[in-house]
$ cat start.cif   # mmCIF, C-alpha atoms and all ligand atoms
data_work
#
loop_
_atom_site.label_atom_id
_atom_site.label_comp_id
_atom_site.auth_asym_id
_atom_site.auth_seq_id
_atom_site.Cartn_x
_atom_site.Cartn_y
_atom_site.Cartn_z
CA MET A 1 14.89 6.56 -37.60
CA TYR A 2 15.02 3.79 -35.01
CA THR A 3 13.34 0.53 -35.92
CA ALA A 4 13.51 -2.84 -34.17
CA SER A 5 16.02 -5.22 -35.72
CA TYR A 6 14.91 -8.55 -37.13
CA TRP A 7 16.51 -10.22 -34.07
CA GLU A 8 14.72 -7.94 -31.62
CA GLN A 9 11.44 -8.36 -33.40
CA ASN A 10 11.83 -12.13 -33.41
CA ALA A 11 13.17 -12.69 -29.87
CA PHE A 12 11.37 -9.96 -27.93
CA TRP A 13 8.33 -8.50 -29.64
CA GLU A 14 6.87 -11.46 -31.50
CA LYS A 15 7.44 -13.89 -28.66
CA LYS A 16 4.18 -15.05 -27.15
CA TRP A 17 4.39 -14.68 -23.39
CA ASP A 18 2.35 -16.98 -21.17
CA PHE A 19 1.65 -14.14 -18.76
CA ILE A 20 2.15 -10.40 -18.97
CA ILE A 21 1.68 -8.52 -15.71
CA ILE A 22 1.19 -4.77 -15.90
CA GLY A 23 2.61 -2.81 -12.95
CA ALA A 24 5.67 -3.61 -10.84
CA GLY A 25 4.29 -2.86 -7.40
CA ILE A 26 3.80 -5.30 -4.53
CA VAL A 27 0.85 -6.93 -6.28
CA GLY A 28 2.62 -7.25 -9.64
CA PHE A 29 5.75 -8.84 -8.17
CA MET A 30 3.80 -11.15 -5.85
CA THR A 31 1.51 -12.24 -8.70
CA ALA A 32 4.47 -12.98 -10.97
CA GLN A 33 6.17 -15.01 -8.27
CA MET A 34 3.06 -17.03 -7.41
CA LEU A 35 2.33 -17.70 -11.10
CA LYS A 36 5.89 -18.96 -11.57
CA ILE A 37 5.44 -21.33 -8.62
CA LYS A 38 2.12 -22.58 -10.03
CA TYR A 39 3.42 -22.79 -13.64
CA PRO A 40 7.21 -23.32 -13.40
CA ASP A 41 7.70 -23.46 -17.19
CA ALA A 42 5.73 -20.29 -17.91
CA ASP A 43 7.35 -17.27 -19.55
CA ILE A 44 6.37 -14.30 -17.43
CA LEU A 45 6.95 -10.63 -18.18
CA ILE A 46 6.26 -7.65 -15.91
CA LEU A 47 5.82 -4.31 -17.70
CA GLU A 48 6.39 -1.17 -15.61
CA ARG A 49 6.05 2.38 -16.93
CA GLY A 50 8.70 3.83 -14.59
CA ILE A 51 12.41 3.16 -14.13
CA LEU A 52 11.32 2.27 -10.61
CA PRO A 53 7.70 1.52 -9.74
CA MET A 54 5.72 4.77 -10.04
CA GLY A 55 2.64 4.24 -7.89
CA ALA A 56 2.50 3.49 -4.18
CA SER A 57 4.64 0.47 -3.33
CA THR A 58 7.94 2.34 -2.98
CA ARG A 59 6.34 5.60 -1.83
CA ASN A 60 4.25 4.55 1.17
CA ALA A 61 4.70 4.78 4.93
CA GLY A 62 5.76 1.16 5.39
CA ILE A 63 3.33 0.45 8.21
CA ALA A 64 2.32 -3.21 8.45
CA CYS A 65 -1.17 -2.74 9.86
CA PHE A 66 -4.69 -4.08 9.51
CA GLY A 67 -6.84 -1.14 10.62
CA SER A 68 -7.25 1.02 13.69
CA ILE A 69 -10.40 0.64 15.79
CA SER A 70 -11.87 3.85 14.37
CA GLU A 71 -11.29 2.66 10.79
CA LEU A 72 -12.94 -0.67 11.55
CA LEU A 73 -15.98 0.93 13.17
CA LEU A 74 -16.28 3.35 10.27
CA GLN A 75 -16.27 0.51 7.75
CA GLU A 76 -18.73 -1.53 9.84
CA ASN A 77 -21.03 1.48 9.82
CA GLU A 78 -20.63 2.35 6.12
CA GLU A 79 -20.67 -1.24 4.80
CA ASN A 80 -21.43 -4.00 7.34
CA GLN A 81 -19.79 -6.21 9.97
CA THR A 82 -19.05 -9.09 7.60
CA ALA A 83 -17.30 -6.81 5.09
CA MET A 84 -15.25 -5.27 7.92
CA LEU A 85 -14.20 -8.63 9.40
CA ASP A 86 -13.45 -10.12 5.98
CA LEU A 87 -11.13 -7.23 5.24
CA VAL A 88 -9.38 -7.42 8.63
CA ALA A 89 -8.79 -11.14 8.04
CA PHE A 90 -7.56 -10.45 4.51
CA ARG A 91 -5.08 -7.85 5.81
CA PHE A 92 -3.92 -9.87 8.81
CA ASN A 93 -3.47 -13.05 6.75
CA GLY A 94 -1.88 -10.97 3.99
CA LEU A 95 0.84 -9.86 6.38
CA GLN A 96 1.44 -13.48 7.47
CA ARG A 97 1.61 -14.50 3.79
CA LEU A 98 4.07 -11.67 3.06
CA PHE A 99 6.42 -13.06 5.68
CA GLU A 100 6.26 -16.51 4.11
CA VAL A 101 7.65 -14.90 0.94
CA VAL A 102 10.20 -12.43 2.37
CA GLN A 103 12.30 -12.48 5.53
CA GLY A 104 11.52 -9.71 7.98
CA LYS A 105 15.21 -8.90 8.43
CA ASP A 106 15.66 -8.32 4.67
CA ILE A 107 12.95 -5.65 4.59
CA GLY A 108 13.76 -3.91 7.86
CA TYR A 109 10.68 -5.28 9.61
CA GLN A 110 10.17 -4.56 13.31
CA THR A 111 7.12 -5.51 15.39
CA THR A 112 6.88 -2.19 17.14
CA GLY A 113 3.15 -2.22 17.80
CA GLY A 114 0.91 0.59 16.61
CA TYR A 115 -1.15 3.27 18.29
CA GLU A 116 -4.25 5.22 17.45
CA VAL A 117 -3.94 8.80 18.71
CA PHE A 118 -6.81 10.89 20.13
CA THR A 119 -6.64 14.57 21.06
CA SER A 120 -8.82 16.35 23.64
CA GLU A 121 -11.21 17.45 20.88
CA GLU A 122 -11.87 13.79 20.12
CA GLU A 123 -12.91 12.84 23.66
CA ASP A 124 -16.48 11.93 22.66
CA LYS A 125 -15.29 9.74 19.82
CA TYR A 126 -12.75 8.05 22.07
CA GLN A 127 -15.38 7.34 24.74
CA TYR A 128 -17.58 5.78 22.06
CA TYR A 129 -14.70 3.60 20.82
CA LEU A 130 -14.11 2.46 24.42
CA THR A 131 -17.69 1.21 24.60
CA GLN A 132 -17.01 -0.87 21.45
CA LEU A 133 -13.58 -2.16 22.46
CA GLU A 134 -14.64 -5.40 24.12
CA ARG A 135 -17.01 -6.29 21.27
CA ILE A 136 -14.43 -5.59 18.56
CA ASN A 137 -11.68 -7.45 20.44
CA ALA A 138 -13.97 -10.51 20.73
CA LEU A 139 -14.77 -10.33 17.00
CA LEU A 140 -11.07 -10.06 16.11
CA GLU A 141 -9.77 -12.79 18.43
CA PRO A 142 -10.36 -15.63 15.92
CA ILE A 143 -8.40 -13.60 13.33
CA THR A 144 -5.46 -12.20 15.31
CA GLY A 145 -5.32 -14.86 18.02
CA LEU A 146 -5.12 -12.03 20.57
CA LYS A 147 -7.57 -11.66 23.45
CA GLN A 148 -7.02 -7.92 23.16
CA THR A 149 -6.09 -6.59 19.76
CA TYR A 150 -6.86 -3.03 20.91
CA ILE A 151 -5.71 -1.91 24.36
CA PRO A 152 -6.10 1.58 25.91
CA LYS A 153 -2.59 2.82 26.68
CA ASP A 154 -2.67 6.43 27.85
CA GLU A 155 0.39 5.81 30.06
CA ASP A 156 2.59 5.87 26.93
CA ILE A 157 1.71 9.49 26.05
CA THR A 158 4.44 10.97 28.26
CA LYS A 159 6.95 8.37 27.07
CA PHE A 160 6.60 9.67 23.51
CA GLY A 161 6.53 13.34 24.54
CA PHE A 162 3.35 14.21 22.60
CA ARG A 163 1.43 17.42 23.30
CA GLY A 164 -2.36 17.68 23.12
CA VAL A 165 -2.78 13.92 22.93
CA LYS A 166 -5.29 12.71 25.47
CA HIS A 167 -5.59 9.00 24.69
CA LEU A 168 -3.81 6.16 22.91
CA ILE A 169 -5.17 2.79 21.84
CA TYR A 170 -2.41 0.24 21.32
CA ASN A 171 -2.34 -2.67 18.88
CA PRO A 172 0.58 -5.02 19.65
CA ALA A 173 0.38 -6.82 16.28
CA GLU A 174 1.46 -3.88 14.10
CA GLY A 175 4.93 -3.24 12.78
CA ILE A 176 7.02 -1.11 10.46
CA LEU A 177 9.14 -2.00 7.45
CA HIS A 178 11.32 -0.49 4.72
CA SER A 179 9.14 -0.15 1.60
CA GLY A 180 12.08 0.33 -0.76
CA LYS A 181 13.80 -2.81 0.50
CA LEU A 182 10.58 -4.79 0.15
CA ILE A 183 10.36 -4.05 -3.58
CA PHE A 184 14.12 -4.46 -4.02
CA VAL A 185 13.92 -7.96 -2.52
CA LEU A 186 10.83 -8.93 -4.54
CA TRP A 187 12.54 -7.68 -7.71
CA GLN A 188 15.65 -9.75 -7.00
CA MET A 189 13.52 -12.81 -6.31
CA ALA A 190 11.70 -12.31 -9.61
CA GLN A 191 14.99 -12.15 -11.49
CA LYS A 192 16.28 -15.28 -9.78
CA MET A 193 13.09 -17.10 -10.77
CA GLY A 194 13.57 -16.14 -14.44
CA ILE A 195 10.76 -13.58 -14.51
CA SER A 196 11.49 -10.72 -16.95
CA VAL A 197 10.92 -7.13 -15.85
CA TRP A 198 10.86 -4.43 -18.53
CA ASN A 199 10.85 -0.85 -17.36
CA GLN A 200 9.75 2.34 -19.10
CA MET A 201 6.98 0.35 -20.78
CA GLU A 202 3.70 2.18 -20.42
CA VAL A 203 0.87 -0.01 -21.62
CA GLN A 204 -1.58 1.97 -23.71
CA THR A 205 -4.29 -0.52 -24.65
CA LEU A 206 -5.23 -4.16 -24.26
CA VAL A 207 -6.90 -5.97 -27.14
CA PRO A 208 -8.07 -9.53 -26.43
CA SER A 209 -8.49 -11.81 -29.45
CA SER A 210 -9.28 -15.50 -29.76
CA SER A 211 -5.61 -16.58 -29.73
CA SER A 212 -3.94 -14.04 -27.41
CA VAL A 213 -4.15 -10.65 -25.77
CA GLN A 214 -2.39 -7.81 -27.60
CA VAL A 215 -0.60 -5.49 -25.21
CA LYS A 216 0.20 -2.19 -26.91
CA VAL A 217 3.08 -0.11 -25.61
CA SER A 218 4.35 3.03 -27.32
CA GLN A 219 7.31 1.15 -28.79
CA ASN A 220 5.47 -1.86 -30.22
CA THR A 221 2.90 -4.60 -29.49
CA LEU A 222 3.38 -7.62 -27.25
CA TYR A 223 1.34 -10.83 -27.10
CA ALA A 224 0.32 -12.92 -24.10
CA SER A 225 -1.96 -15.83 -23.32
CA TYR A 226 -3.07 -14.06 -20.15
CA VAL A 227 -2.70 -10.51 -18.87
CA ILE A 228 -2.95 -9.41 -15.25
CA VAL A 229 -3.49 -5.70 -14.63
CA SER A 230 -1.96 -4.73 -11.29
CA THR A 231 -1.80 -0.98 -11.79
CA ASN A 232 -3.94 -0.21 -8.72
CA ALA A 233 -4.81 3.52 -8.75
CA PHE A 234 -4.20 3.73 -12.50
CA ALA A 235 -6.46 0.80 -13.39
CA LYS A 236 -9.10 2.95 -15.07
CA THR A 237 -6.72 4.18 -17.75
CA LEU A 238 -6.64 0.62 -19.17
CA LEU A 239 -9.99 -0.65 -17.86
CA PRO A 240 -12.39 2.33 -17.69
CA GLN A 241 -15.25 0.15 -16.43
CA LEU A 242 -13.59 -0.40 -13.02
CA ASP A 243 -14.66 1.43 -9.85
CA VAL A 244 -11.20 2.79 -8.93
CA VAL A 245 -10.25 6.40 -8.28
CA PRO A 246 -6.81 7.72 -7.40
CA GLY A 247 -6.00 9.25 -4.03
CA ARG A 248 -2.70 11.01 -3.50
CA GLY A 249 -0.77 10.71 -0.26
CA GLN A 250 1.80 13.41 0.59
CA VAL A 251 4.63 12.39 2.90
CA CYS A 252 7.56 14.05 4.65
CA ILE A 253 10.53 12.78 6.61
CA THR A 254 12.59 14.75 9.13
CA LYS A 255 16.33 15.03 9.28
CA PRO A 256 17.86 12.95 12.10
CA ILE A 257 16.72 14.10 15.56
CA SER A 258 18.84 13.32 18.60
CA ASN A 259 17.11 11.45 21.44
CA LEU A 260 13.94 10.84 19.45
CA ARG A 261 11.36 9.35 21.80
CA VAL A 262 8.63 8.48 19.30
CA LYS A 263 8.87 4.79 18.40
CA GLY A 264 6.33 2.65 16.54
CA ALA A 265 3.48 3.19 14.10
CA PHE A 266 0.78 5.80 14.73
CA HIS A 267 -2.62 6.52 13.18
CA TYR A 268 -4.62 9.69 13.68
CA GLN A 269 -8.10 10.78 12.56
CA GLU A 270 -9.46 7.47 11.23
CA GLY A 271 -6.14 6.78 9.56
CA TYR A 272 -6.11 9.95 7.44
CA TYR A 273 -2.75 10.75 9.11
CA TYR A 274 -0.01 8.26 9.86
CA PHE A 275 3.47 8.57 11.32
CA ARG A 276 6.31 6.34 12.45
CA ASN A 277 9.96 6.40 13.31
CA VAL A 278 12.42 5.58 10.54
CA GLY A 279 15.62 4.12 11.95
CA GLU A 280 16.45 5.44 15.39
CA ASN A 281 16.15 9.13 14.73
CA ARG A 282 13.77 10.24 11.99
CA ILE A 283 10.01 10.73 11.85
CA LEU A 284 7.98 10.04 8.71
CA LEU A 285 4.56 11.69 8.59
CA GLY A 286 1.97 11.50 5.84
CA GLY A 287 -1.69 12.00 5.08
CA GLY A 288 -4.13 14.87 5.03
CA ARG A 289 -6.00 13.72 1.92
CA ASN A 290 -9.22 14.55 3.76
CA LEU A 291 -8.30 18.26 3.81
CA ASP A 292 -9.15 18.51 0.12
CA PHE A 293 -10.42 15.25 -1.36
CA ALA A 294 -11.06 16.80 -4.77
CA SER A 295 -7.48 18.01 -5.28
CA GLU A 296 -6.01 14.77 -3.96
CA GLN A 297 -8.09 12.65 -6.34
CA THR A 298 -5.37 12.91 -8.93
CA TYR A 299 -2.94 10.77 -10.89
CA GLN A 300 -0.29 13.51 -10.58
CA PHE A 301 2.52 13.32 -8.04
CA GLY A 302 2.99 16.63 -6.20
CA PHE A 303 2.21 18.70 -3.14
CA THR A 304 -0.25 21.28 -1.89
CA GLU A 305 0.32 24.06 0.59
CA ILE A 306 -2.67 23.10 2.72
CA VAL A 307 -1.46 19.53 3.24
CA GLN A 308 2.18 20.45 3.72
CA ASN A 309 1.35 23.19 6.23
CA THR A 310 -0.97 20.88 8.16
CA LEU A 311 1.64 18.13 8.35
CA ILE A 312 4.29 20.56 9.59
CA LYS A 313 1.83 21.95 12.17
CA LEU A 314 1.12 18.42 13.42
CA LEU A 315 4.84 17.78 13.81
CA LYS A 316 5.45 21.07 15.61
CA GLU A 317 2.43 21.08 17.87
CA MET A 318 1.62 17.43 18.56
CA ILE A 319 4.32 14.95 17.60
CA LEU A 320 7.58 16.80 18.28
CA PRO A 321 6.42 19.78 20.42
CA ASP A 322 9.62 20.41 22.37
CA ILE A 323 12.09 19.51 19.66
CA THR A 324 13.77 21.54 16.96
CA PHE A 325 13.57 19.58 13.73
CA GLU A 326 13.99 20.11 10.00
CA ILE A 327 12.19 18.42 7.13
CA ASP A 328 14.66 16.50 5.01
CA HIS A 329 12.46 15.41 2.14
CA TRP A 330 8.92 15.39 0.70
CA TRP A 331 7.35 12.93 -1.73
CA SER A 332 3.95 11.67 -2.77
CA GLY A 333 2.41 8.41 -3.92
CA ILE A 334 -0.91 7.47 -5.52
CA MET A 335 -3.33 5.01 -3.92
CA GLY A 336 -6.42 3.37 -5.42
CA PHE A 337 -9.85 3.73 -3.79
CA GLY A 338 -13.48 3.11 -4.74
CA SER A 339 -16.99 2.86 -3.35
CA GLU A 340 -15.98 -0.24 -1.35
CA LYS A 341 -12.77 -0.95 0.53
CA ALA A 342 -12.32 -4.50 -0.78
CA PRO A 343 -9.99 -4.98 -3.77
CA ILE A 344 -11.26 -5.88 -7.24
CA ILE A 345 -9.92 -9.27 -8.32
CA GLN A 346 -11.64 -10.70 -11.39
CA GLU A 347 -11.49 -11.52 -15.08
CA VAL A 348 -12.49 -8.27 -16.77
CA LEU A 349 -12.04 -9.13 -20.45
CA PRO A 350 -11.35 -12.53 -22.00
CA ASN A 351 -8.03 -13.69 -20.48
CA VAL A 352 -7.45 -10.27 -18.88
CA TYR A 353 -7.58 -10.25 -15.08
CA CYS A 354 -7.30 -7.38 -12.68
CA ALA A 355 -6.00 -7.20 -9.11
CA VAL A 356 -6.49 -3.57 -8.14
CA ARG A 357 -7.98 -1.09 -5.61
CA MET A 358 -5.87 -1.68 -2.50
CA SER A 359 -7.64 1.15 -0.57
CA GLY A 360 -4.34 2.31 0.95
CA MET A 361 -3.54 -1.09 2.48
CA GLY A 362 -1.49 -2.86 -0.17
CA VAL A 363 1.44 -3.65 2.10
CA ALA A 364 -0.93 -5.77 4.16
CA ILE A 365 -3.15 -7.25 1.46
CA GLY A 366 -0.86 -7.33 -1.59
CA SER A 367 0.24 -10.95 -1.15
CA LYS A 368 -3.32 -12.22 -0.56
CA VAL A 369 -4.58 -10.24 -3.55
CA ALA A 370 -1.90 -11.90 -5.69
CA GLU A 371 -2.80 -15.32 -4.31
CA LYS A 372 -6.44 -14.76 -5.16
CA VAL A 373 -5.89 -13.58 -8.73
CA VAL A 374 -3.52 -16.48 -9.38
CA SER A 375 -6.17 -18.91 -8.08
CA LEU A 376 -8.50 -17.67 -10.85
CA ILE A 377 -6.04 -18.51 -13.66
C1 LIG B 1 1.73 7.91 0.93
C2 LIG B 1 1.26 6.50 1.04
C3 LIG B 1 1.33 5.84 2.26
C4 LIG B 1 0.91 4.51 2.37
N1 LIG B 1 1.12 3.85 3.54
C5 LIG B 1 0.79 2.53 3.62
C6 LIG B 1 1.07 1.80 4.79
O1 LIG B 1 1.66 2.34 5.72
N2 LIG B 1 0.65 0.52 4.87
C7 LIG B 1 0.00 -0.09 3.82
O2 LIG B 1 -0.39 -1.26 3.94
N3 LIG B 1 -0.21 0.57 2.67
C8 LIG B 1 0.17 1.85 2.55
N4 LIG B 1 -0.05 2.53 1.39
C9 LIG B 1 -0.72 1.83 0.29
C10 LIG B 1 0.20 0.86 -0.43
O3 LIG B 1 1.42 1.48 -0.70
C11 LIG B 1 -0.51 0.46 -1.72
O4 LIG B 1 -1.79 -0.06 -1.42
C12 LIG B 1 0.29 -0.61 -2.47
O5 LIG B 1 1.61 -0.22 -2.65
C13 LIG B 1 -0.36 -0.86 -3.82
O6 LIG B 1 0.43 -1.79 -4.50
P1 LIG B 1 0.09 -2.16 -5.99
O7 LIG B 1 1.11 -3.11 -6.44
O8 LIG B 1 -1.34 -2.56 -6.07
O9 LIG B 1 0.16 -0.76 -6.77
P2 LIG B 1 1.38 0.21 -7.07
O10 LIG B 1 2.47 0.06 -6.11
O11 LIG B 1 0.80 1.56 -7.24
O12 LIG B 1 1.91 -0.34 -8.45
C14 LIG B 1 1.25 -0.11 -9.66
C15 LIG B 1 2.31 0.07 -10.71
O13 LIG B 1 1.68 0.13 -11.99
C16 LIG B 1 2.46 1.00 -12.79
N5 LIG B 1 1.61 1.41 -13.91
C17 LIG B 1 0.48 2.17 -13.86
N6 LIG B 1 -0.06 2.28 -15.09
C18 LIG B 1 0.74 1.58 -15.93
C19 LIG B 1 0.70 1.32 -17.34
N7 LIG B 1 -0.28 1.77 -18.13
N8 LIG B 1 1.71 0.56 -17.89
C20 LIG B 1 2.72 0.07 -17.10
N9 LIG B 1 2.79 0.30 -15.77
C21 LIG B 1 1.81 1.04 -15.19
C22 LIG B 1 2.81 2.13 -11.85
O14 LIG B 1 3.91 2.86 -12.34
C23 LIG B 1 3.08 1.38 -10.56
O15 LIG B 1 4.44 1.10 -10.37
C24 LIG B 1 0.36 3.85 1.24
C25 LIG B 1 0.31 4.50 0.01
C26 LIG B 1 0.76 5.82 -0.10
C27 LIG B 1 0.71 6.50 -1.44
#
$ encode --input "start.cif" --output "structure tokens"
Amino acid sequence: MYTASYWEQNAFWEKKWDFIIIGAGIVGFMTAQMLKIKYPDADILILERGILPMGASTRNAGIACFGSISELLLQENEENQTAMLDLVAFRFNGLQRLFEVVQGKDIGYQTTGGYEVFTSEEEDKYQYYLTQLERINALLEPITGLKQTYIPKDEDITKFGFRGVKHLIYNPAEGILHSGKLIFVLWQMAQKMGISVWNQMEVQTLVPSSSSVQVKVSQNTLYASYVIVSTNAFAKTLLPQLDVVPGRGQVCITKPISNLRVKGAFHYQEGYYYFRNVGENRILLGGGRNLDFASEQTYQFGFTEIVQNTLIKLLKEMILPDITFEIDHWWSGIMGFGSEKAPIIQEVLPNVYCAVRMSGMGVAIGSKVAEKVVSLI
């Protein structure tokens, strides 16, 4: 039978950490880094259940965006204008903050601009968005610094070779990045700063007491002065009181395509579908959660026929209509949603904080979320 040695017990398990962060995604790494800057002498440990992060940060589309016009109008309608503008500012400033931490060239960042795509069936919606364009651009100018954040750009449809697309609305401030490299770089930075990262450590329960928080993993129990839960979609498994539900995103990438004309980031149907070029010659396409919300509200990685078939149909009929292509690879990732789009950043139990519910926008807001949780401690 395996038991911890005296040395292991003494040096690893019984050590009292200043901070334990649960979850090694964008938020976990950013939080650890910002805590280390605020408290240089602190002992900080990140616990991650996977060998690599097993949530969304290394499994997303890598689009650095802050919302298409349809998403913004939807949120304004469902919540209110202040909530919508606060979130746009949080995302936009989050992206600026991200680039204070990492260099664009190290994470494959390109300011390609982004487009929202409208087909002929969406003509009425598009015409409505046009009536709102000037108002929304004026509201966003103090945030983005752009007179026109959203610009009608139908002339680019032929450039990309789309079929069935009737209108495009362009946002020059969007870009694309390499999600794997982003986490790789953040991980290396953490190690250089003396932050410990332990993998294959699934936290099972958190027990706050007067002197410390007990963090129970299957192997043993750890102790920390403060715990930060940055498990996003999976937050409820440790903190059942939180309003966070999972939402799976299924993604595919094509094999290299010669003379690929599609360049940039694209959003379709209020952001339920997203696609972009990867390198010079591949297309990544994901989404379709709205086809079957119930099945996609899951913690399980995996695929469904309805989503896969719809994504392939979109590629064949709209995005790459005149091109023979093959799918190289499929994967999925799990996002965290709730009744509101804003993240939950608060002390939930004594000395236990959470920074969760990224609503599918963690690339943009992750650094600001980390900054905010660190400001509470
Ligand atoms: C398909 C897809 C496409 C996306 N596209 C974009 C995009 O283009 N732009 C954008 O801004 N955002 C996008 N997102 C959203 C973005 O990826 C997430 O919002 C962001 O990565 C969340 O980061 P996080 O650190 O909060 O959570 P995560 O990256 O999910 O990290 C949480 C970590 O906690 C770990 N964990 C969970 N439970 C435990 C436990 N009990 N013990 C230990 N570890 C645990 C998980 O394994 C995971 O690694 C997309 C997401 C998906 C799935």
$ residues_around --input "start.cif" --residues "range 305-308 of chain A" --least-positions-apart "2" --cutoff "8 Å" --atoms "all atoms listed in the file" --output "VMD selection string"
chain A and resid 250 287 to 289 291 303 310 to 312
$ residues_around --input "start.cif" --residues "Pro40 in chain A" --least-positions-apart "5" --cutoff "10 Å" --atoms "all atoms listed in the file" --output "ChimeraX atom specification"
/A:33-35,193-194
$ atom_distance --input "start.cif" --atom1 "CA of Phe12 in chain A" --atom2 "CA of Gln191 in chain A"
17.0 Å
$ residues_around --input "start.cif" --residues "range 321-333 of chain A" --least-positions-apart "6" --cutoff "8 Å" --atoms "only C-alpha atoms" --output "list in words"
Met54, Gly55, Ala56, Arg59, Asn60, Gly161, Phe162, Arg163, Arg248, Gly249, Gln250, Val251, Cys252, Ile253, Thr254, Lys255, Ile257, Phe301, Gly302, Phe303 and Leu315 of chain A
$ write_last_selection --input "start.cif" --atoms "C-alpha atoms" --output "compact mmCIF listing (two decimals), in the frame of the given file"
# COMPACT_ATOMS: atom_id res chain seq x y z
CA MET A 54 5.72 4.77 -10.04
CA GLY A 55 2.64 4.24 -7.89
CA ALA A 56 2.50 3.49 -4.18
CA ARG A 59 6.34 5.60 -1.83
CA ASN A 60 4.25 4.55 1.17
CA GLY A 161 6.53 13.34 24.54
CA PHE A 162 3.35 14.21 22.60
CA ARG A 163 1.43 17.42 23.30
CA ARG A 248 -2.70 11.01 -3.50
CA GLY A 249 -0.77 10.71 -0.26
CA GLN A 250 1.80 13.41 0.59
CA VAL A 251 4.63 12.39 2.90
CA CYS A 252 7.56 14.05 4.65
CA ILE A 253 10.53 12.78 6.61
CA THR A 254 12.59 14.75 9.13
CA LYS A 255 16.33 15.03 9.28
CA ILE A 257 16.72 14.10 15.56
CA PHE A 301 2.52 13.32 -8.04
CA GLY A 302 2.99 16.63 -6.20
CA PHE A 303 2.21 18.70 -3.14
CA LEU A 315 4.84 17.78 13.81
$ closest_residue --input "start.cif" --among "A:Leu168, A:Gly28, A:Leu45, A:Pro343" --to "Trp13 in chain A" --atoms "all atoms listed in the file"
A:Leu45
$ closest_atom_pairs --input "start.cif" --of "range 228-334 of chain A" --to "range 147-157 of chain A" --cutoff "12 Å" --atoms "all atoms listed in the file" --output "JSON lines"
{"residue": "A:Arg261", "atom": "CA", "partner": "A:Ile157", "partner_atom": "CA", "distance": 10.5}
{"residue": "A:Val262", "atom": "CA", "partner": "A:Ile157", "partner_atom": "CA", "distance": 9.7}
{"residue": "A:Lys263", "atom": "CA", "partner": "A:Asp156", "partner_atom": "CA", "distance": 10.6}
{"residue": "A:Gly264", "atom": "CA", "partner": "A:Asp156", "partner_atom": "CA", "distance": 11.5}
{"residue": "A:Phe266", "atom": "CA", "partner": "A:Ile157", "partner_atom": "CA", "distance": 11.9}
{"residue": "A:Met318", "atom": "CA", "partner": "A:Ile157", "partner_atom": "CA", "distance": 10.9}
{"residue": "A:Ile319", "atom": "CA", "partner": "A:Ile157", "partner_atom": "CA", "distance": 10.4}
$ write_last_selection --input "start.cif" --atoms "C-alpha atoms" --output "tab-separated table (two decimals), keeping the file's coordinate frame"
chain	number	residue	atom	x	y	z
A	261	ARG	CA	11.36	9.35	21.80
A	262	VAL	CA	8.63	8.48	19.30
A	263	LYS	CA	8.87	4.79	18.40
A	264	GLY	CA	6.33	2.65	16.54
A	266	PHE	CA	0.78	5.80	14.73
A	318	MET	CA	1.62	17.43	18.56
A	319	ILE	CA	4.32	14.95	17.60
$ closest_residue --input "start.cif" --among "A:Tyr299, A:Phe19, A:Trp7, A:Phe234" --to "ligand LIG 1 (chain B)" --atoms "only C-alpha atoms and all ligand atoms"
A:Phe234
$ closest_atom_pairs --input "start.cif" --of "range 49-154 of chain A" --to "range 202-213 of chain A" --cutoff "12 Å" --atoms "all atoms listed in the file" --output "tab-separated table"
residue	atom	partner	partner_atom	distance
A:Arg49	CA	A:Glu202	CA	4.2
A:Gly50	CA	A:Glu202	CA	7.9
A:Ile51	CA	A:Glu202	CA	10.8
A:Pro53	CA	A:Glu202	CA	11.4
A:Met54	CA	A:Glu202	CA	10.9
$ write_last_selection --input "start.cif" --atoms "C-alpha atoms" --output "PDB file, keeping the file's coordinate frame"
ATOM      1  CA  ARG A  49       6.050   2.380 -16.930  1.00  0.00           C
ATOM      2  CA  GLY A  50       8.700   3.830 -14.590  1.00  0.00           C
ATOM      3  CA  ILE A  51      12.410   3.160 -14.130  1.00  0.00           C
ATOM      4  CA  PRO A  53       7.700   1.520  -9.740  1.00  0.00           C
ATOM      5  CA  MET A  54       5.720   4.770 -10.040  1.00  0.00           C
TER       6      MET A  54
END
$ closest_residue --input "start.cif" --among "A:Ile334, A:Ile46, A:Ile136, A:Leu376" --to "Glu71 in chain A" --atoms "all atoms listed in the file"
A:Ile136
$ residues_around --input "start.cif" --residues "Thr144 in chain A" --least-positions-apart "6" --cutoff "9 Å" --atoms "all atoms listed in the file" --output "short mmCIF file (atom, residue, chain, number, x, y, z; two decimals) with C-alpha atoms, in the coordinates of the input"
data_model
loop_
_atom_site.label_atom_id
_atom_site.label_comp_id
_atom_site.auth_asym_id
_atom_site.auth_seq_id
_atom_site.Cartn_x
_atom_site.Cartn_y
_atom_site.Cartn_z
CA ALA A 89 -8.79 -11.14 8.04
CA PHE A 92 -3.92 -9.87 8.81
CA ASN A 93 -3.47 -13.05 6.75
CA ALA A 173 0.38 -6.82 16.28
#
$ atom_distance --input "start.cif" --atom1 "CA of Glu123 in chain A" --atom2 "CA of Glu270 in chain A"
14.0 Å
$ atom_distance --input "start.cif" --atom1 "atom C17 of ligand LIG 1 (chain B)" --atom2 "CA of Val185 in chain A"
20.3 Å
$ closest_residue --input "start.cif" --among "A:Val278, A:Met1, A:Val27, A:Ile21" --to "ligand LIG 1 (chain B)" --atoms "only C-alpha atoms and all ligand atoms"
A:Val27
$ residues_around --input "start.cif" --residues "Ile183 in chain A" --least-positions-apart "3" --cutoff "9 Å" --atoms "all atoms listed in the file" --output "PyMOL selection string"
chain A and resi 24-26+29+53+57-58+107+179-180+186-188
$ closest_residue --input "start.cif" --among "A:Asn220, A:Ser367, A:Ser258, A:Thr304" --to "ligand LIG 1 (chain B)" --atoms "only C-alpha atoms and all ligand atoms"
A:Ser367
